[in-house]
$ cat target.txt   # compact mmCIF, C-alpha atoms
# COMPACT_ATOMS: atom_id res chain seq x y z
CA MET O 252 5.50 -12.52 27.14
CA ASN O 253 7.31 -14.02 24.15
CA ILE O 254 10.79 -12.83 25.06
CA GLY O 255 12.33 -16.18 24.13
CA LYS O 256 10.78 -16.32 20.65
CA TYR O 257 12.07 -14.82 17.43
CA ILE O 258 10.17 -11.84 16.02
CA PHE O 259 9.22 -13.81 12.91
CA ALA O 260 7.83 -16.64 15.07
CA GLN O 261 5.70 -14.10 16.95
CA VAL O 262 4.45 -12.57 13.68
CA ILE O 263 3.19 -15.86 12.27
CA ASP O 264 1.16 -16.39 15.45
CA PHE O 265 -1.27 -13.86 13.91
CA ILE O 266 -2.09 -16.22 11.03
CA PRO O 267 -5.64 -17.59 11.49
CA ARG O 268 -4.52 -21.21 11.30
CA TYR O 269 -8.00 -22.75 11.62
CA GLN O 270 -9.34 -20.79 8.64
CA PHE O 271 -6.21 -21.56 6.62
CA ASP O 272 -6.49 -25.30 7.27
CA LYS O 273 -10.13 -25.19 6.13
CA LEU O 274 -9.06 -23.59 2.85
CA VAL O 275 -6.29 -26.15 2.37
CA LYS O 276 -8.77 -28.96 2.87
CA LYS O 277 -11.33 -27.31 0.56
CA TYR O 278 -8.91 -26.97 -2.35
CA LYS O 279 -6.90 -30.15 -1.55
CA GLY O 280 -3.68 -28.20 -1.19
CA ASP O 281 -1.81 -30.91 0.71
CA TRP O 282 -2.79 -33.70 -1.66
CA HIS O 283 0.29 -35.91 -2.10
CA ALA O 284 2.44 -33.34 -0.27
CA LYS O 285 5.51 -34.78 1.47
CA ASP O 286 8.20 -32.33 2.56
CA LEU O 287 6.36 -29.06 1.83
CA SER O 288 2.84 -28.53 3.12
CA CYS O 289 0.75 -25.49 2.20
CA TYR O 290 1.37 -23.97 5.63
CA SER O 291 5.12 -24.43 5.25
CA GLN O 292 4.90 -22.87 1.78
CA LEU O 293 3.06 -19.90 3.28
CA LEU O 294 5.74 -19.47 5.97
CA HIS O 295 8.54 -19.59 3.39
CA LEU O 296 6.85 -16.93 1.28
CA LEU O 297 5.97 -14.75 4.29
CA PHE O 298 9.58 -14.92 5.42
CA GLY O 299 10.60 -13.63 2.00
CA GLN O 300 8.05 -10.82 2.11
CA ILE O 301 8.82 -9.67 5.64
CA THR O 302 12.61 -9.81 5.29
CA GLY O 303 12.67 -8.40 1.75
CA CYS O 304 14.08 -11.35 -0.19
CA VAL O 305 13.88 -10.56 -3.89
CA SER O 306 13.75 -14.14 -5.19
CA ILE O 307 12.94 -17.73 -4.26
CA ARG O 308 16.66 -18.43 -4.30
CA ASP O 309 17.23 -15.77 -1.62
CA ILE O 310 14.51 -17.25 0.61
CA CYS O 311 15.99 -20.74 0.47
CA LEU O 312 19.53 -19.42 0.93
CA CYS O 313 18.66 -17.41 4.05
CA LEU O 314 16.71 -20.23 5.67
CA GLU O 315 19.44 -22.74 4.90
CA ALA O 316 22.07 -20.43 6.41
CA HIS O 317 20.02 -20.34 9.65
CA GLY O 318 19.44 -24.07 9.70
CA SER O 319 20.18 -24.35 13.42
CA SER O 320 17.43 -21.91 14.37
CA ILE O 321 14.90 -22.53 11.59
CA TYR O 322 12.73 -24.70 13.85
CA HIS O 323 12.45 -21.84 16.35
CA LEU O 324 11.30 -19.53 13.53
CA GLY O 325 8.22 -21.74 13.21
CA ILE O 326 9.38 -23.55 10.06
CA ARG O 327 9.91 -27.26 10.62
CA LYS O 328 12.09 -27.88 7.61
CA SER O 329 13.54 -25.77 4.81
CA VAL O 330 13.18 -26.88 1.21
CA ASN O 331 15.18 -26.27 -1.91
CA GLN O 332 14.37 -23.77 -4.61
CA SER O 333 12.88 -26.30 -7.02
CA ASN O 334 10.31 -27.63 -4.54
CA LEU O 335 9.18 -24.16 -3.54
CA CYS O 336 8.86 -23.01 -7.17
CA ARG O 337 6.94 -26.17 -8.01
CA ALA O 338 4.54 -25.55 -5.13
CA ASN O 339 3.91 -21.98 -6.32
CA GLU O 340 3.17 -23.29 -9.80
CA LYS O 341 0.77 -26.08 -8.78
CA ARG O 342 -0.82 -25.26 -5.40
CA ASP O 343 -4.20 -23.59 -5.93
CA TYR O 344 -3.82 -19.81 -5.44
CA ARG O 345 -7.38 -19.66 -4.09
CA ILE O 346 -6.03 -20.98 -0.78
CA TYR O 347 -4.08 -17.76 -0.29
CA GLU O 348 -6.76 -15.61 -1.87
CA GLY O 349 -9.25 -16.98 0.64
CA LEU O 350 -6.87 -16.32 3.53
CA GLY O 351 -6.33 -12.76 2.27
CA MET O 352 -10.07 -12.08 2.04
CA TYR O 353 -10.60 -13.49 5.53
CA LEU O 354 -7.89 -11.22 6.93
CA ILE O 355 -9.49 -8.26 5.16
CA SER O 356 -12.80 -9.07 6.88
CA ILE O 357 -11.20 -8.96 10.35
CA VAL O 358 -8.65 -6.16 9.84
CA ARG O 359 -10.92 -3.56 8.19
CA PRO O 360 -13.21 -3.20 11.24
CA MET O 361 -10.14 -2.47 13.38
CA TYR O 362 -9.59 0.75 11.42
CA SER O 363 -13.24 1.68 10.79
CA ASN O 364 -13.11 4.63 13.21
CA THR O 365 -9.95 6.15 11.73
CA LYS O 366 -10.44 9.81 10.86
CA VAL O 367 -9.67 11.11 7.37
CA THR O 368 -8.20 14.62 7.31
CA GLU O 369 -10.49 17.43 6.11
CA ILE O 370 -13.45 15.02 5.89
CA THR O 371 -16.44 15.49 8.21
CA ILE O 372 -18.82 12.79 6.95
CA ASP O 373 -18.95 9.35 8.56
CA ASN O 374 -19.70 7.35 5.41
CA VAL O 375 -17.52 4.51 4.19
CA LEU O 376 -14.88 5.94 1.82
CA TYR O 377 -13.31 3.93 -1.00
CA ALA O 378 -10.65 4.72 -3.58
CA LEU O 379 -10.49 2.58 -6.71
CA ASP O 380 -7.40 2.24 -8.89
CA SER O 381 -4.93 -0.28 -10.28
CA THR O 382 -1.17 -0.72 -10.38
CA THR O 383 0.76 -2.41 -13.17
CA ILE O 384 3.64 -4.83 -12.64
CA SER O 385 5.82 -5.34 -15.71
CA THR O 386 6.91 -8.83 -16.63
CA SER O 387 8.28 -10.79 -19.58
CA ILE O 388 5.76 -11.71 -22.26
CA VAL O 389 7.98 -14.69 -23.14
CA LEU O 390 7.96 -16.12 -19.60
CA ALA O 391 4.39 -15.06 -18.77
CA ALA O 392 2.52 -15.54 -22.05
CA TRP O 393 -0.85 -15.26 -20.27
CA ALA O 394 -0.11 -11.73 -18.99
CA LEU O 395 -0.69 -9.68 -22.12
CA GLY O 396 -0.13 -5.96 -21.78
CA LYS O 397 0.04 -2.94 -24.02
CA TYR O 398 2.43 -2.63 -26.95
CA SER O 399 3.16 -6.39 -27.05
CA LYS O 400 4.68 -6.34 -23.56
CA GLY O 401 3.89 -8.45 -20.53
CA ALA O 402 2.08 -6.90 -17.59
CA VAL O 403 0.02 -7.87 -14.56
CA LYS O 404 -2.57 -5.53 -13.06
CA MET O 405 -3.60 -5.49 -9.43
CA HIS O 406 -6.97 -3.72 -9.14
CA THR O 407 -7.54 -2.48 -5.61
CA LEU O 408 -10.57 -1.09 -3.81
CA LEU O 409 -9.00 0.69 -0.83
CA ASP O 410 -10.84 1.65 2.34
CA LEU O 411 -9.51 5.14 3.08
CA ARG O 412 -10.11 4.71 6.82
CA GLY O 413 -6.84 3.00 7.65
CA SER O 414 -5.73 2.31 4.05
CA ILE O 415 -6.89 -1.31 4.22
CA PRO O 416 -7.81 -2.97 0.89
CA ALA O 417 -11.44 -4.04 0.70
CA ASN O 418 -11.00 -6.03 -2.48
CA ILE O 419 -8.12 -7.18 -4.70
CA HIS O 420 -8.51 -8.40 -8.29
CA ILE O 421 -5.50 -9.60 -10.30
CA THR O 422 -5.73 -9.58 -14.11
CA ASP O 423 -3.55 -9.33 -17.19
CA GLY O 424 -2.41 -5.94 -18.41
CA LYS O 425 -5.08 -5.58 -21.10
CA TRP O 426 -7.99 -5.61 -18.65
CA HIS O 427 -9.38 -2.06 -18.80
CA ASP O 428 -9.88 -0.25 -15.52
CA SER O 429 -13.54 0.54 -16.22
CA ASN O 430 -14.30 -3.21 -16.40
CA GLU O 431 -13.47 -3.42 -12.71
CA LEU O 432 -16.70 -1.58 -11.85
CA ASP O 433 -18.62 -4.64 -13.07
CA GLU O 434 -16.78 -6.78 -10.49
CA ILE O 435 -17.79 -4.57 -7.54
CA VAL O 436 -21.06 -4.86 -5.64
CA PRO O 437 -21.90 -1.23 -4.73
CA GLU O 438 -22.48 -0.48 -1.07
CA ALA O 439 -25.31 1.91 -0.25
CA PHE O 440 -24.26 5.36 1.09
CA ALA O 441 -20.57 4.60 0.50
CA PHE O 442 -18.40 7.01 -1.52
CA TYR O 443 -16.27 5.68 -4.38
CA MET O 444 -13.46 7.94 -5.63
CA MET O 445 -11.94 7.06 -9.00
CA ASP O 446 -10.14 8.78 -11.87
CA LYS O 447 -11.60 9.45 -15.32
CA ALA O 448 -10.52 6.04 -16.64
CA TYR O 449 -13.46 4.56 -14.69
CA VAL O 450 -16.12 6.83 -16.24
CA ASP O 451 -18.45 4.18 -17.64
CA PHE O 452 -22.00 5.55 -17.46
CA ILE O 453 -23.62 2.11 -17.50
CA ALA O 454 -21.69 1.04 -14.39
CA LEU O 455 -21.96 4.46 -12.72
CA PHE O 456 -25.74 4.46 -13.15
CA ARG O 457 -25.85 0.99 -11.58
CA PHE O 458 -23.97 2.44 -8.58
CA HIS O 459 -26.44 5.34 -8.50
CA LYS O 460 -29.48 3.06 -8.46
CA ALA O 461 -27.89 1.01 -5.65
CA GLY O 462 -27.67 4.11 -3.45
CA ALA O 463 -23.89 4.45 -3.64
CA TYR O 464 -22.10 7.74 -4.32
CA TRP O 465 -19.28 8.18 -6.80
CA ILE O 466 -16.84 11.03 -7.46
CA SER O 467 -14.69 11.22 -10.57
CA ARG O 468 -13.45 13.62 -13.23
CA PRO O 469 -15.12 14.19 -16.60
CA LYS O 470 -13.47 12.99 -19.78
CA ASP O 471 -12.40 15.66 -22.26
CA ASN O 472 -15.00 14.58 -24.82
CA MET O 473 -17.96 14.55 -22.42
CA ARG O 474 -20.84 16.67 -23.76
CA TYR O 475 -23.33 18.23 -21.37
CA GLU O 476 -25.56 21.21 -20.68
CA VAL O 477 -25.90 23.20 -17.44
CA VAL O 478 -29.48 23.05 -16.14
CA ASN O 479 -28.93 24.79 -12.80
CA HIS O 480 -26.26 26.22 -10.56
CA ARG O 481 -25.75 26.54 -6.81
CA LEU O 482 -24.41 29.52 -4.88
CA ASP O 483 -23.98 27.95 -1.42
CA PHE O 484 -20.17 27.81 -1.53
CA ASP O 485 -17.32 29.96 -0.27
CA PRO O 486 -15.08 31.23 -3.11
CA SER O 487 -12.19 31.69 -0.66
CA THR O 488 -11.91 27.88 -0.38
CA GLY O 489 -11.03 27.63 -4.08
CA ILE O 490 -14.48 26.62 -5.36
CA CYS O 491 -15.25 28.43 -8.62
CA GLY O 492 -18.60 26.88 -9.47
CA ASP O 493 -21.17 24.30 -8.44
CA PHE O 494 -23.45 23.21 -11.29
CA ILE O 495 -26.12 20.66 -12.09
CA ILE O 496 -25.69 19.22 -15.57
CA LYS O 497 -27.27 16.69 -17.89
CA LEU O 498 -25.57 14.68 -20.60
CA THR O 499 -26.55 15.73 -24.13
CA THR O 500 -25.31 13.07 -26.55
CA HIS O 501 -27.89 10.47 -27.48
CA LYS O 502 -25.95 7.48 -26.18
CA SER O 503 -24.75 9.08 -22.95
CA LYS O 504 -28.10 10.45 -21.81
CA LYS O 505 -29.66 7.06 -22.55
CA LEU O 506 -27.05 5.31 -20.40
CA TYR O 507 -27.24 7.90 -17.59
CA PRO O 508 -30.57 9.79 -17.73
CA GLU O 509 -30.29 11.40 -14.27
CA PRO O 510 -28.71 14.83 -13.51
CA ILE O 511 -25.06 14.99 -12.46
CA ARG O 512 -23.36 17.49 -10.20
CA MET O 513 -20.20 19.24 -11.44
CA VAL O 514 -17.87 21.13 -9.08
CA THR O 515 -15.08 23.40 -10.36
CA TYR O 516 -12.09 23.95 -8.08
CA HIS O 517 -9.15 26.34 -8.63
CA ASP O 518 -5.81 24.86 -7.68
CA SER O 519 -3.73 27.75 -6.35
CA VAL O 520 -0.52 25.72 -6.63
CA THR O 521 -0.73 24.91 -10.35
CA GLY O 522 -3.11 27.71 -11.33
CA ASN O 523 -5.44 25.24 -13.08
CA ASP O 524 -9.18 24.77 -12.75
CA VAL O 525 -10.14 21.17 -11.93
CA GLU O 526 -13.61 19.74 -12.52
CA PHE O 527 -15.23 16.94 -10.55
CA ILE O 528 -18.45 15.07 -11.27
CA THR O 529 -20.55 13.22 -8.72
CA ASN O 530 -24.05 11.91 -8.12
CA ASN O 531 -24.17 13.34 -4.58
CA PHE O 532 -26.05 16.64 -4.17
CA GLU O 533 -25.97 16.85 -0.36
CA ILE O 534 -22.37 17.40 0.76
CA SER O 535 -20.64 20.77 0.26
CA ALA O 536 -18.65 21.56 -2.87
CA ILE O 537 -15.36 21.82 -0.97
CA GLU O 538 -16.00 18.39 0.55
CA VAL O 539 -16.35 16.95 -2.95
CA ALA O 540 -12.91 18.37 -3.80
CA ASN O 541 -11.41 17.11 -0.54
CA LEU O 542 -12.83 13.62 -1.05
CA TYR O 543 -11.32 13.37 -4.51
CA ARG O 544 -8.00 14.64 -3.17
CA HIS O 545 -7.92 11.58 -0.90
CA ARG O 546 -8.09 9.39 -3.99
CA TRP O 547 -4.32 9.87 -4.03
CA ASP O 548 -4.11 7.79 -0.84
CA ILE O 549 -4.34 4.70 -3.01
CA GLU O 550 -1.27 5.88 -4.96
CA VAL O 551 0.57 6.12 -1.64
CA PHE O 552 -0.62 2.59 -0.83
CA PHE O 553 0.74 1.25 -4.13
CA LYS O 554 4.04 3.05 -3.53
CA TRP O 555 4.27 1.50 -0.04
CA ILE O 556 3.49 -1.96 -1.41
CA LYS O 557 6.21 -1.74 -4.05
CA GLN O 558 8.82 -0.32 -1.66
CA ASN O 559 8.23 -2.38 1.49
CA ILE O 560 7.09 -5.80 0.30
CA VAL O 561 8.23 -7.76 -2.72
CA VAL O 562 5.90 -7.38 -5.72
CA LYS O 563 8.07 -5.83 -8.45
CA ASN O 564 10.22 -8.99 -8.72
CA LEU O 565 7.86 -11.88 -9.38
CA TRP O 566 8.61 -15.27 -7.80
CA GLY O 567 7.15 -17.19 -10.74
CA TYR O 568 5.58 -16.55 -14.12
CA SER O 569 2.60 -18.85 -14.44
CA GLU O 570 -0.78 -17.33 -13.64
CA ASN O 571 -1.12 -19.44 -10.50
CA ALA O 572 2.38 -18.52 -9.25
CA VAL O 573 1.83 -14.80 -9.83
CA ARG O 574 -1.53 -14.79 -8.05
CA THR O 575 -0.05 -16.76 -5.15
CA HIS O 576 2.86 -14.32 -4.89
CA LEU O 577 0.68 -11.18 -4.91
CA TRP O 578 -1.84 -12.58 -2.46
CA VAL O 579 0.91 -13.55 -0.01
CA ALA O 580 2.21 -9.97 -0.32
CA ILE O 581 -1.24 -8.65 0.65
CA ILE O 582 -1.41 -11.18 3.50
CA ALA O 583 1.91 -9.84 4.83
CA TYR O 584 0.55 -6.28 4.73
CA LEU O 585 -2.67 -7.28 6.50
CA ILE O 586 -0.82 -9.20 9.23
CA ILE O 587 1.37 -6.15 9.93
CA ALA O 588 -1.75 -3.95 10.03
CA LYS O 589 -3.39 -6.40 12.45
CA ILE O 590 -0.32 -6.42 14.70
CA LYS O 591 -0.32 -2.62 14.80
CA ALA O 592 -4.02 -2.52 15.73
CA ASP O 593 -3.86 -5.31 18.32
CA TYR O 594 -0.85 -3.85 20.12
CA LYS O 595 -2.05 -0.23 19.67
CA SER O 596 1.33 0.75 18.29
CA PRO O 597 2.01 4.50 17.98
CA TYR O 598 3.98 3.85 14.82
CA SER O 599 2.56 3.84 11.31
CA ILE O 600 2.17 0.60 9.35
CA THR O 601 5.31 1.53 7.41
CA GLU O 602 7.32 1.97 10.61
CA VAL O 603 5.99 -1.27 12.11
CA ALA O 604 6.96 -3.13 8.92
CA THR O 605 10.46 -1.63 9.07
CA LEU O 606 10.96 -2.59 12.72
CA ILE O 607 9.79 -6.15 12.05
CA ARG O 608 11.99 -6.49 8.97
CA ILE O 609 15.24 -5.46 10.66
CA SER O 610 14.44 -7.48 13.81
CA ALA O 611 12.95 -10.63 12.26
CA LEU O 612 15.77 -12.85 13.55
CA GLU O 613 16.08 -11.29 16.99
CA ARG O 614 14.77 -12.70 20.27
CA VAL O 615 12.87 -9.71 21.62
CA ASP O 616 9.27 -9.16 22.58
CA LEU O 617 7.22 -7.97 19.59
CA ARG O 618 4.94 -5.80 21.71
CA ASP O 619 7.88 -3.99 23.30
CA LEU O 620 9.51 -3.53 19.91
CA ILE O 621 6.58 -1.70 18.29
CA THR O 622 5.07 0.10 21.29
CA LYS O 623 8.15 1.93 22.54
CA PRO O 624 7.19 5.60 22.98
CA LYS O 625 8.18 7.75 20.06
CA ASP O 626 9.52 10.48 22.37
CA SER O 627 12.42 8.29 23.47
CA ILE O 628 13.24 7.45 19.86
CA ILE O 629 13.22 11.12 18.92
CA GLN O 630 15.45 12.01 21.87
CA ASN O 631 17.95 9.30 20.90
CA GLN O 632 17.96 10.52 17.32
CA PHE O 633 18.49 14.08 18.50
CA ALA O 634 21.39 13.05 20.70
CA SER O 635 23.14 10.90 18.09
CA VAL O 636 22.23 12.56 14.80
CA VAL O 637 21.46 16.22 15.37
CA CYS O 638 24.21 16.85 17.89
CA GLY O 639 26.63 14.63 15.98
CA TYR O 640 28.06 12.73 18.92
CA ARG O 641 27.25 10.16 21.56
CA VAL O 642 27.63 10.54 25.28
CA ASN O 643 30.59 8.17 25.58
CA GLU O 644 32.40 10.07 22.84
CA LEU O 645 32.37 13.42 24.66
CA PRO O 646 35.84 13.20 26.33
CA ILE O 647 37.47 12.23 23.03
CA ARG O 648 35.84 15.03 21.09
CA GLU O 649 36.71 17.63 23.72
CA LYS O 650 40.41 16.90 23.16
CA GLN O 651 40.15 17.30 19.39
CA PRO O 652 40.51 20.77 17.83
CA SER O 653 37.35 22.06 16.22
CA HIS O 654 36.91 22.58 12.50
CA ASP O 655 36.91 26.36 13.00
CA PHE O 656 40.31 26.16 14.75
CA HIS O 657 41.83 24.36 11.75
CA ARG O 658 40.30 26.89 9.35
CA ARG O 659 41.61 29.89 11.33
CA HIS O 660 45.06 28.32 11.68
CA SER O 661 45.30 27.71 7.91
CA LEU O 662 44.19 31.26 7.17
CA ALA O 663 46.79 32.74 9.56
CA SER O 664 49.54 30.64 8.00
CA ALA O 665 48.61 31.81 4.52
CA LEU O 666 48.61 35.50 5.53
CA GLN O 667 51.98 35.09 7.25
CA SER O 668 53.50 33.52 4.11
CA LEU O 669 52.07 36.29 1.94
CA HIS O 670 53.53 38.97 4.25
CA GLN O 671 56.97 37.34 4.18
CA ASN O 672 56.94 37.25 0.37
CA GLU O 673 56.04 40.94 0.17
CA VAL O 674 58.85 41.88 2.62
CA GLY O 675 61.33 39.75 0.71
$ encode --input "target.txt" --output "structure tokens"
Amino acid sequence: MNIGKYIFAQVIDFIPRYQFDKLVKKYKGDWHAKDLSCYSQLLHLLFGQITGCVSIRDICLCLEAHGSSIYHLGIRKSVNQSNLCRANEKRDYRIYEGLGMYLISIVRPMYSNTKVTEITIDNVLYALDSTTISTSIVLAAWALGKYSKGAVKMHTLLDLRGSIPANIHITDGKWHDSNELDEIVPEAFAFYMMDKAYVDFIALFRFHKAGAYWISRPKDNMRYEVVNHRLDFDPSTGICGDFIIKLTTHKSKKLYPEPIRMVTYHDSVTGNDVEFITNNFEISAIEVANLYRHRWDIEVFFKWIKQNIVVKNLWGYSENAVRTHLWVAIIAYLIIAKIKADYKSPYSITEVATLIRISALERVDLRDLITKPKDSIIQNQFASVVCGYRVNELPIREKQPSHDFHRRHSLASALQSLHQNEVG
């Protein structure tokens, strides 16, 4: 039991220190370091991520304000803003990238048995997409984006079983999404869901030859011919058609000579027909539509990242500082996911992150904090929020006239005044 330790001190116990020290030694991170080691830098940045500090200045200010208890947080000594910024600029980001990839390798198996709604297959399911973080082209000249603006892209391959990233790739804003397929080693029998920006037939055929399955949407200018159609679908599920097609333009059919399956689904909400293309001919048509629907899980992941950990406000503008910042953000997410899995918390990752953030400087047991039954929380919320009062406030409220009493009294007074005016 860690009742006497701060929540933040208990969180950093989940950092694989041995692996981190190996990475520091490999990339000579502590070479000529005096007051700020790589591990201390990591703790400073994790403190900022977990508590929601929006800048390096805020991190240093908060730690300095708690100078009497900083040692008990696990940080031996706080540093000033200049030293921390300098470390982010110069310390090799691959130290934190390596730690993030190691955490991915141990956290993903913890969620491998997580069920995905409306999906019956047991294959590995991936969603591929990217999120863009705007920045200043003047301060970050390396991060070129569209329309002469600065931007950083974080390309993410998300494992849909548990929403744990399987791979992260950070580039400038001009890196096209379809180029990311060349950075991925396809996994046999795994499903890759991606939007139409990733339709690159050279890369998709490489996935096909490797035994991997992909699901996407056709581009508007894709030319094809229907060579066969299937009737083994239930129209009541929204499926309008299930076809086998072949590409017809000279370049496309040379890049992807094999047949492709096209499924048409009618969206009853919008009234539109949506088309999906895939290289899998075995699963049902409705399962193709359901799998692509779960591609939106990665959008939810990006939204969570931007709302719960600090990525929109960059803590530096050099390429090394930006990569360090984003990888520490992913490390914070993975540590929270590992805590949830290890303690078998009934809360979601979002709820666990919220509880840790508001209790980071409290001396309570982390396991008790995140494993309290939800029923008791709901009952407390019902008593204090839904009913509008607390138990110790009952005698006071019983003595106070109700709102209806005031309304009836005002109405009676108005009618009496009106009657007196009419009599007068």
$ residues_around --input "target.txt" --residues "range 589-602 of chain O" --least-positions-apart "5" --cutoff "8 Å" --atoms "only C-alpha atoms" --output "list in words"
Val262, Phe265, Val358, Met361, Tyr362, Trp555, Asn559, Arg618, Ile621, Thr622, Pro624 and Lys625 of chain O
$ closest_residue --input "target.txt" --among "O:Leu350, O:Cys289, O:Met473, O:Leu411" --to "Tyr443 in chain O" --atoms "all atoms listed in the file"
O:Leu411
$ residues_near_point --input "target.txt" --point "(7.4, -15.8, -6.9)" --cutoff "7 Å" --atoms "only C-alpha atoms" --output "compact mmCIF listing (two decimals) with C-alpha atoms, in the coordinates of the input"
# COMPACT_ATOMS: atom_id res chain seq x y z
CA SER O 306 13.75 -14.14 -5.19
CA ILE O 307 12.94 -17.73 -4.26
CA LEU O 565 7.86 -11.88 -9.38
CA TRP O 566 8.61 -15.27 -7.80
CA GLY O 567 7.15 -17.19 -10.74
CA ALA O 572 2.38 -18.52 -9.25
CA VAL O 573 1.83 -14.80 -9.83
CA HIS O 576 2.86 -14.32 -4.89
$ residues_around --input "target.txt" --residues "Lys425 in chain O" --least-positions-apart "6" --cutoff "8 Å" --atoms "all atoms listed in the file" --output "compact mmCIF listing (two decimals) with C-alpha atoms, in the coordinates of the input"
# COMPACT_ATOMS: atom_id res chain seq x y z
CA LEU O 395 -0.69 -9.68 -22.12
CA GLY O 396 -0.13 -5.96 -21.78
CA LYS O 397 0.04 -2.94 -24.02
$ closest_residue --input "target.txt" --among "O:Ala284, O:Arg359, O:Ala378, O:Lys404" --to "Leu335 in chain O" --atoms "only C-alpha atoms"
O:Ala284
$ residues_around --input "target.txt" --residues "His406 in chain O" --least-positions-apart "6" --cutoff "7 Å" --atoms "only C-alpha atoms" --output "MDAnalysis selection string"
chainID O and resid 380:382 419:421
$ atom_distance --input "target.txt" --atom1 "CA of Val539 in chain O" --atom2 "CA of Met513 in chain O"
9.6 Å
$ closest_residue --input "target.txt" --among "O:Ile466, O:Glu550, O:Asp410, O:Asn418" --to "Lys366 in chain O" --atoms "all atoms listed in the file"
O:Asp410
$ residues_around --input "target.txt" --residues "Leu612 in chain O" --least-positions-apart "2" --cutoff "12 Å" --atoms "only C-alpha atoms" --output "list of chain:residue names"
O:Gly255, O:Lys256, O:Tyr257, O:Ile258, O:Phe259, O:Ala260, O:Gln261, O:Val262, O:Phe298, O:Ile301, O:Thr302, O:Cys313, O:Leu314, O:His317, O:Ser320, O:Ile321, O:His323, O:Leu324, O:Gly325, O:Leu606, O:Ile607, O:Arg608, O:Ile609, O:Ser610, O:Arg614, O:Val615, O:Asp616, O:Leu617
$ axis_aligned_box --input "target.txt" --around "range 400-416 of chain O" --padding-each-side "5 Å" --output "AutoDock Vina command-line options"
--center_x -3.1 --center_y -1.7 --center_z -8.0 --size_x 25.5 --size_y 23.6 --size_z 41.2
$ residues_around --input "target.txt" --residues "Lys276 in chain O" --least-positions-apart "3" --cutoff "12 Å" --atoms "only C-alpha atoms" --output "list in words"
Tyr269, Gln270, Phe271, Asp272, Lys273, Lys279, Gly280, Asp281, Trp282, Ser288, Cys289, Tyr290, Asp343, Arg345 and Ile346 of chain O
$ decode --input "target.txt" --residues "range 415-429 of chain O" --atoms "N, CA and C atoms" --output "mmCIF file, in the first residue's frame"
data_model
loop_
_atom_site.group_PDB
_atom_site.id
_atom_site.type_symbol
_atom_site.label_atom_id
_atom_site.label_comp_id
_atom_site.auth_asym_id
_atom_site.auth_seq_id
_atom_site.Cartn_x
_atom_site.Cartn_y
_atom_site.Cartn_z
ATOM 1 N N ILE O 415 -5.102 1.521 -28.403
ATOM 2 C CA ILE O 415 -3.695 1.684 -28.071
ATOM 3 C C ILE O 415 -2.917 1.869 -29.372
ATOM 4 N N PRO O 416 -2.133 2.937 -29.506
ATOM 5 C CA PRO O 416 -1.371 3.129 -30.749
ATOM 6 C C PRO O 416 -0.341 2.026 -30.941
ATOM 7 N N ALA O 417 -0.282 1.513 -32.174
ATOM 8 C CA ALA O 417 0.717 0.503 -32.516
ATOM 9 C C ALA O 417 1.959 1.128 -33.119
ATOM 10 N N ASN O 418 1.795 2.315 -33.689
ATOM 11 C CA ASN O 418 2.944 3.009 -34.260
ATOM 12 C C ASN O 418 2.628 4.497 -34.349
ATOM 13 N N ILE O 419 3.648 5.324 -34.103
ATOM 14 C CA ILE O 419 3.530 6.779 -34.196
ATOM 15 C C ILE O 419 4.653 7.282 -35.098
ATOM 16 N N HIS O 420 4.310 8.152 -36.035
ATOM 17 C CA HIS O 420 5.317 8.732 -36.927
ATOM 18 C C HIS O 420 5.054 10.234 -37.016
ATOM 19 N N ILE O 421 6.037 11.037 -36.651
ATOM 20 C CA ILE O 421 5.887 12.493 -36.612
ATOM 21 C C ILE O 421 6.629 13.097 -37.792
ATOM 22 N N THR O 422 5.907 13.912 -38.594
ATOM 23 C CA THR O 422 6.492 14.520 -39.786
ATOM 24 C C THR O 422 6.071 15.987 -39.872
ATOM 25 N N ASP O 423 6.559 16.659 -40.907
ATOM 26 C CA ASP O 423 6.075 18.011 -41.173
ATOM 27 C C ASP O 423 4.709 17.938 -41.847
ATOM 28 N N GLY O 424 4.084 19.091 -42.021
ATOM 29 C CA GLY O 424 2.716 19.111 -42.518
ATOM 30 C C GLY O 424 2.563 18.751 -43.980
ATOM 31 N N LYS O 425 3.632 18.784 -44.759
ATOM 32 C CA LYS O 425 3.536 18.482 -46.183
ATOM 33 C C LYS O 425 3.631 16.993 -46.499
ATOM 34 N N TRP O 426 3.949 16.193 -45.527
ATOM 35 C CA TRP O 426 4.048 14.741 -45.738
ATOM 36 C C TRP O 426 2.651 14.198 -46.022
ATOM 37 N N HIS O 427 2.441 13.651 -47.225
ATOM 38 C CA HIS O 427 1.111 13.176 -47.603
ATOM 39 C C HIS O 427 0.769 11.896 -46.860
ATOM 40 N N ASP O 428 -0.515 11.748 -46.548
ATOM 41 C CA ASP O 428 -0.946 10.590 -45.755
ATOM 42 C C ASP O 428 -0.620 9.270 -46.448
ATOM 43 N N SER O 429 -0.762 9.219 -47.773
ATOM 44 C CA SER O 429 -0.530 7.952 -48.474
ATOM 45 C C SER O 429 0.922 7.493 -48.366
#
